[in-house]
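Everything on this sheet refers to the single structure shown next.
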Amino acid sequence: QYTWPKYVWMNGSIVRWEEAKVHVFVHGLHYGTGVFEGIRGYYDGGYMRIFRLDDHFKRLFRSAKILHMDIPYTLEDLVKATIDLVKINQFKNDIYIRPIAFRGLGSFGLRAKNPVDVAIIALEFGKYLKPDGIKCTISSWRKPSPDSVPIYAKLTGMYVLYHLASIEAALHGYDEAILLDSEGYVAEGSGENIFIVKNETLITPPVYDDILEGITRNTVITLAKEELGLQVVERRIRREELYTCDEAFFTGTAAEVTPIIEIDGRVIGDGRIGRITRKIIDLYRQVVLGRIKKYENWITSIAIE
Ligand code: PMP
């Protein structure tokens with residue numbers, strides 16, 4: 001499915017793909033004690049435009065802090081490592097960048113503060129979900145309450161839940177799962193934040209609920225308010241509101257802005273990409289390619305030889 005890249009950045013150096021290995025006894029493998037990110041780069045006529053690189057690494061450091069994890073590099077080190085990696089791999093297509101930091105080799109005690117391994121993988125990657133609209137189902141797997149797992153952090157171990165929800169959705173013939181929070185309100189997709197449109201207003205669950213504070217979510221809120229003059233309300237959403245909204249879409253680095261056209265057998269709107277969703281998709285595309293001056297500071301451009 002993927003073409004593996006030639007090189008990976010690992011613990012301070014660039015190594016060949018085949019050499020980017022860890023031991024079976026690393027703590028992160030056994031207990032899910034890792035934090036990670038997902039970042040996109042868009043290939044644009046000789047340049048790779050990386051979207052909100054700093055913001056993603058900032059979230060990585062926040063996630064690590066919650067796990068008592070000291071990443072032995074600075075944000076600047078990791079930004080530079082990413083740029084070096086993209087250059088040396090000479091990508092000529094859109095890419096997905098996956099930084100990961102996890103507890104490495106040492107003790108297998110639960111409280112072990114083993115040295116932290118850090119790697120950055122970048123690989124060519126196209127669409128994640130169908131851009132013309134997807135069919136979703138409410139998962140039988142619930143998000144835990146925020147006092148049982150730190151949902152604010154992007155933790156590797158947390159993704160067992162999303163793995164189960166995603167497989168369940170696929171088994172039942174849907175493209176993606178929507179998870180409810182511990183109190184039964186709409187939370188997010190297995191790897192995306194969710195928005196609905198009702199009477200020209202965007203509604204999305206608030207960050208104090210059981211959701212990841214998505215960077216695409218933040219981008220879309222900013223663009224909707226500042227460029228499209230839309231009202232954006234952050235509040236809880238009930239399941240029935242999902243079924244009866246005018247439009248619905250997911251946001252995420254991998255998913256970008258993906259229209260949702262059906263939920264549990266209810267057609268959303270007229271079953272096609274909604275008018276406001278379409279505007280947001282088009283605007284998002286312009287922004288990630290660096291075409292809108294006001295948002296150029298979100299882009300790191302790398303010349304590819
Ligand atoms: N929620 C979850 C559970 C995710 O895994 C992701 C992907 N990182 C998102 C939301 C969207 O976040 P972002 O826009 O920062 O990619």
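Labels used: A, B, ... for chains in the order of the structure tokens, numbers from 1 for residues in each chain, and numbers from 1 for ligands as shown.
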From stretch 20-258 of chain A, collect each residue whose DSSP state is strand (DSSP E) and return the set as a PyMOL selection string. chain A and resi 34-36+39-44+47-51+95-103+116-124+134-138+176-180+186-189+193-198+201-204+231-234+247-252+256-258
Could you save those same residues with C-alpha atoms as a CSV table (one decimal), in the first residue's frame?
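Contents of selection.csv, as written:
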chain,number,residue,atom,x,y,z
A,34,GLY,CA,4.5,6.9,24.0
A,35,VAL,CA,3.3,10.1,22.5
A,36,PHE,CA,3.1,11.0,18.8
A,39,ILE,CA,1.7,16.2,10.3
A,40,ARG,CA,1.1,16.7,6.6
A,41,GLY,CA,3.4,18.0,3.9
A,42,TYR,CA,2.0,19.1,0.5
A,43,TYR,CA,4.2,18.8,-2.6
A,44,ASP,CA,3.9,21.9,-4.6
A,47,TYR,CA,8.6,22.7,-2.6
A,48,MET,CA,7.2,20.7,0.3
A,49,ARG,CA,4.8,22.9,2.2
A,50,ILE,CA,4.5,21.5,5.8
A,51,PHE,CA,1.5,22.6,7.7
A,95,ILE,CA,3.6,13.3,2.6
A,96,TYR,CA,2.6,12.4,6.1
A,97,ILE,CA,5.1,12.9,8.9
A,98,ARG,CA,4.9,10.8,12.1
A,99,PRO,CA,7.1,11.9,15.0
A,100,ILE,CA,7.0,9.5,18.0
A,101,ALA,CA,8.6,9.5,21.4
A,102,PHE,CA,8.3,6.5,23.7
A,103,ARG,CA,9.9,4.9,26.8
A,116,VAL,CA,13.0,8.1,25.8
A,117,ASP,CA,13.5,7.1,22.2
A,118,VAL,CA,12.5,9.6,19.5
A,119,ALA,CA,11.9,9.0,15.8
A,120,ILE,CA,10.5,10.9,12.9
A,121,ILE,CA,9.1,8.9,10.0
A,122,ALA,CA,7.9,10.7,6.8
A,123,LEU,CA,6.3,8.8,3.9
A,124,GLU,CA,4.3,9.6,0.8
A,134,ILE,CA,-18.2,9.1,4.0
A,135,LYS,CA,-20.8,7.0,5.9
A,136,CYS,CA,-20.3,6.8,9.6
A,137,THR,CA,-21.7,4.9,12.6
A,138,ILE,CA,-21.8,5.7,16.3
A,176,GLU,CA,-15.5,5.6,10.0
A,177,ALA,CA,-16.7,5.5,13.6
A,178,ILE,CA,-18.0,8.4,15.7
A,179,LEU,CA,-17.4,8.0,19.4
A,180,LEU,CA,-19.6,9.3,22.1
A,186,VAL,CA,-20.8,13.3,20.5
A,187,ALA,CA,-17.0,13.4,21.0
A,188,GLU,CA,-15.0,12.8,17.8
A,189,GLY,CA,-14.1,10.2,15.1
A,193,ASN,CA,-12.7,16.0,15.3
A,194,ILE,CA,-16.3,16.5,14.2
A,195,PHE,CA,-18.3,19.5,13.2
A,196,ILE,CA,-22.0,19.9,12.3
A,197,VAL,CA,-23.7,22.8,10.4
A,198,LYS,CA,-27.1,23.9,11.6
A,201,THR,CA,-23.7,27.9,12.2
A,202,LEU,CA,-20.8,25.6,12.8
A,203,ILE,CA,-21.1,23.5,16.0
A,204,THR,CA,-18.3,21.4,17.4
A,231,GLN,CA,-20.6,31.8,13.6
A,232,VAL,CA,-18.8,28.9,15.4
A,233,VAL,CA,-20.2,27.5,18.6
A,234,GLU,CA,-18.3,25.1,20.8
A,247,GLU,CA,-24.2,19.2,7.1
A,248,ALA,CA,-21.5,17.3,9.0
A,249,PHE,CA,-17.7,16.9,8.4
A,250,PHE,CA,-14.6,15.6,10.1
A,251,THR,CA,-11.4,17.5,10.5
A,252,GLY,CA,-7.9,16.1,11.0
A,256,GLU,CA,-8.2,17.1,6.2
A,257,VAL,CA,-11.9,18.2,5.8
A,258,THR,CA,-13.9,15.2,5.0
Cut-off 6 Å, only C-alpha atoms and all ligand atoms, neighbours of ligand 1 as a PyMOL selection string: chain A and resi 38+190-193+212+214-217+251-253
With distances taken over only C-alpha atoms, the candidate from A:Ala303, A:Ile260, A:Ile280, A:Val86 nearest A:Lys225 is A:Ile280
Close residues, stretch 58-64 of chain A itself excluded, 8 Å, only C-alpha atoms, min 3 positions apart in chain, as a PyMOL selection string: chain A and resi 34-37+54-55+67-71+75+101+152-155
Could you dump the residues just selected with C-alpha atoms as a CSV table (one decimal), in the first residue's frame?
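Written out: part-v2.csv:
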chain,number,residue,atom,x,y,z
A,34,GLY,CA,4.5,6.9,24.0
A,35,VAL,CA,3.3,10.1,22.5
A,36,PHE,CA,3.1,11.0,18.8
A,37,GLU,CA,2.0,13.4,16.1
A,54,ASP,CA,5.7,24.0,15.2
A,55,ASP,CA,2.1,23.6,16.5
A,67,LEU,CA,3.3,11.3,30.6
A,68,HIS,CA,6.3,12.5,32.8
A,69,MET,CA,8.4,12.1,29.7
A,70,ASP,CA,11.4,14.3,29.0
A,71,ILE,CA,12.1,14.4,25.3
A,75,LEU,CA,11.4,21.8,19.6
A,101,ALA,CA,8.6,9.5,21.4
A,152,TYR,CA,-5.8,15.8,25.9
A,153,ALA,CA,-2.5,14.1,25.2
A,154,LYS,CA,-1.9,12.2,22.0
A,155,LEU,CA,-0.8,8.9,23.6
Compare A:Asp94, A:Asp84, A:Asp77, A:Asp246 by their minimum atom-to-atom distance to A:Val8, counting only C-alpha atoms, and give me the closest one. A:Asp84
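In this comparison, which uses only C-alpha atoms, the residue of A:Tyr295, A:Trp4, A:Phe25, A:Tyr208 approaching A:Asn114 most closely is A:Phe25.
All residues of protein, DNA or RNA that reach within 9 Å of A:Arg16, judged by only C-alpha atoms and not counting those fewer than 6 positions away in the chain, are Pro5, Lys6, Tyr7, Val8 and Trp9 of chain A.
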Output N, CA and C atoms for every residue in the selection just made, as an mmCIF file, in the first residue's frame.
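Writing done, so here's out17.cif:
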data_model
loop_
_atom_site.group_PDB
_atom_site.id
_atom_site.type_symbol
_atom_site.label_atom_id
_atom_site.label_comp_id
_atom_site.auth_asym_id
_atom_site.auth_seq_id
_atom_site.Cartn_x
_atom_site.Cartn_y
_atom_site.Cartn_z
ATOM 1 N N PRO A 5 9.888 5.066 2.626
ATOM 2 C CA PRO A 5 10.933 6.054 2.290
ATOM 3 C C PRO A 5 12.328 5.450 2.473
ATOM 4 N N LYS A 6 13.316 6.142 2.001
ATOM 5 C CA LYS A 6 14.704 5.642 2.136
ATOM 6 C C LYS A 6 15.245 5.846 3.549
ATOM 7 N N TYR A 7 14.858 6.962 4.159
ATOM 8 C CA TYR A 7 15.481 7.327 5.438
ATOM 9 C C TYR A 7 14.470 7.665 6.527
ATOM 10 N N VAL A 8 14.917 7.448 7.755
ATOM 11 C CA VAL A 8 14.134 7.765 8.953
ATOM 12 C C VAL A 8 15.063 8.542 9.890
ATOM 13 N N TRP A 9 14.512 9.488 10.635
ATOM 14 C CA TRP A 9 15.312 10.174 11.668
ATOM 15 C C TRP A 9 15.072 9.438 12.978
#
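Going from atom CA of A:Tyr159 over to atom CA of A:Tyr174, you cover 19.0 Å.
Minimum distance to A:Ile302 across A:Gln90, A:Thr3, A:Ser182, A:Thr74 (counting only C-alpha atoms) occurs at A:Gln90.
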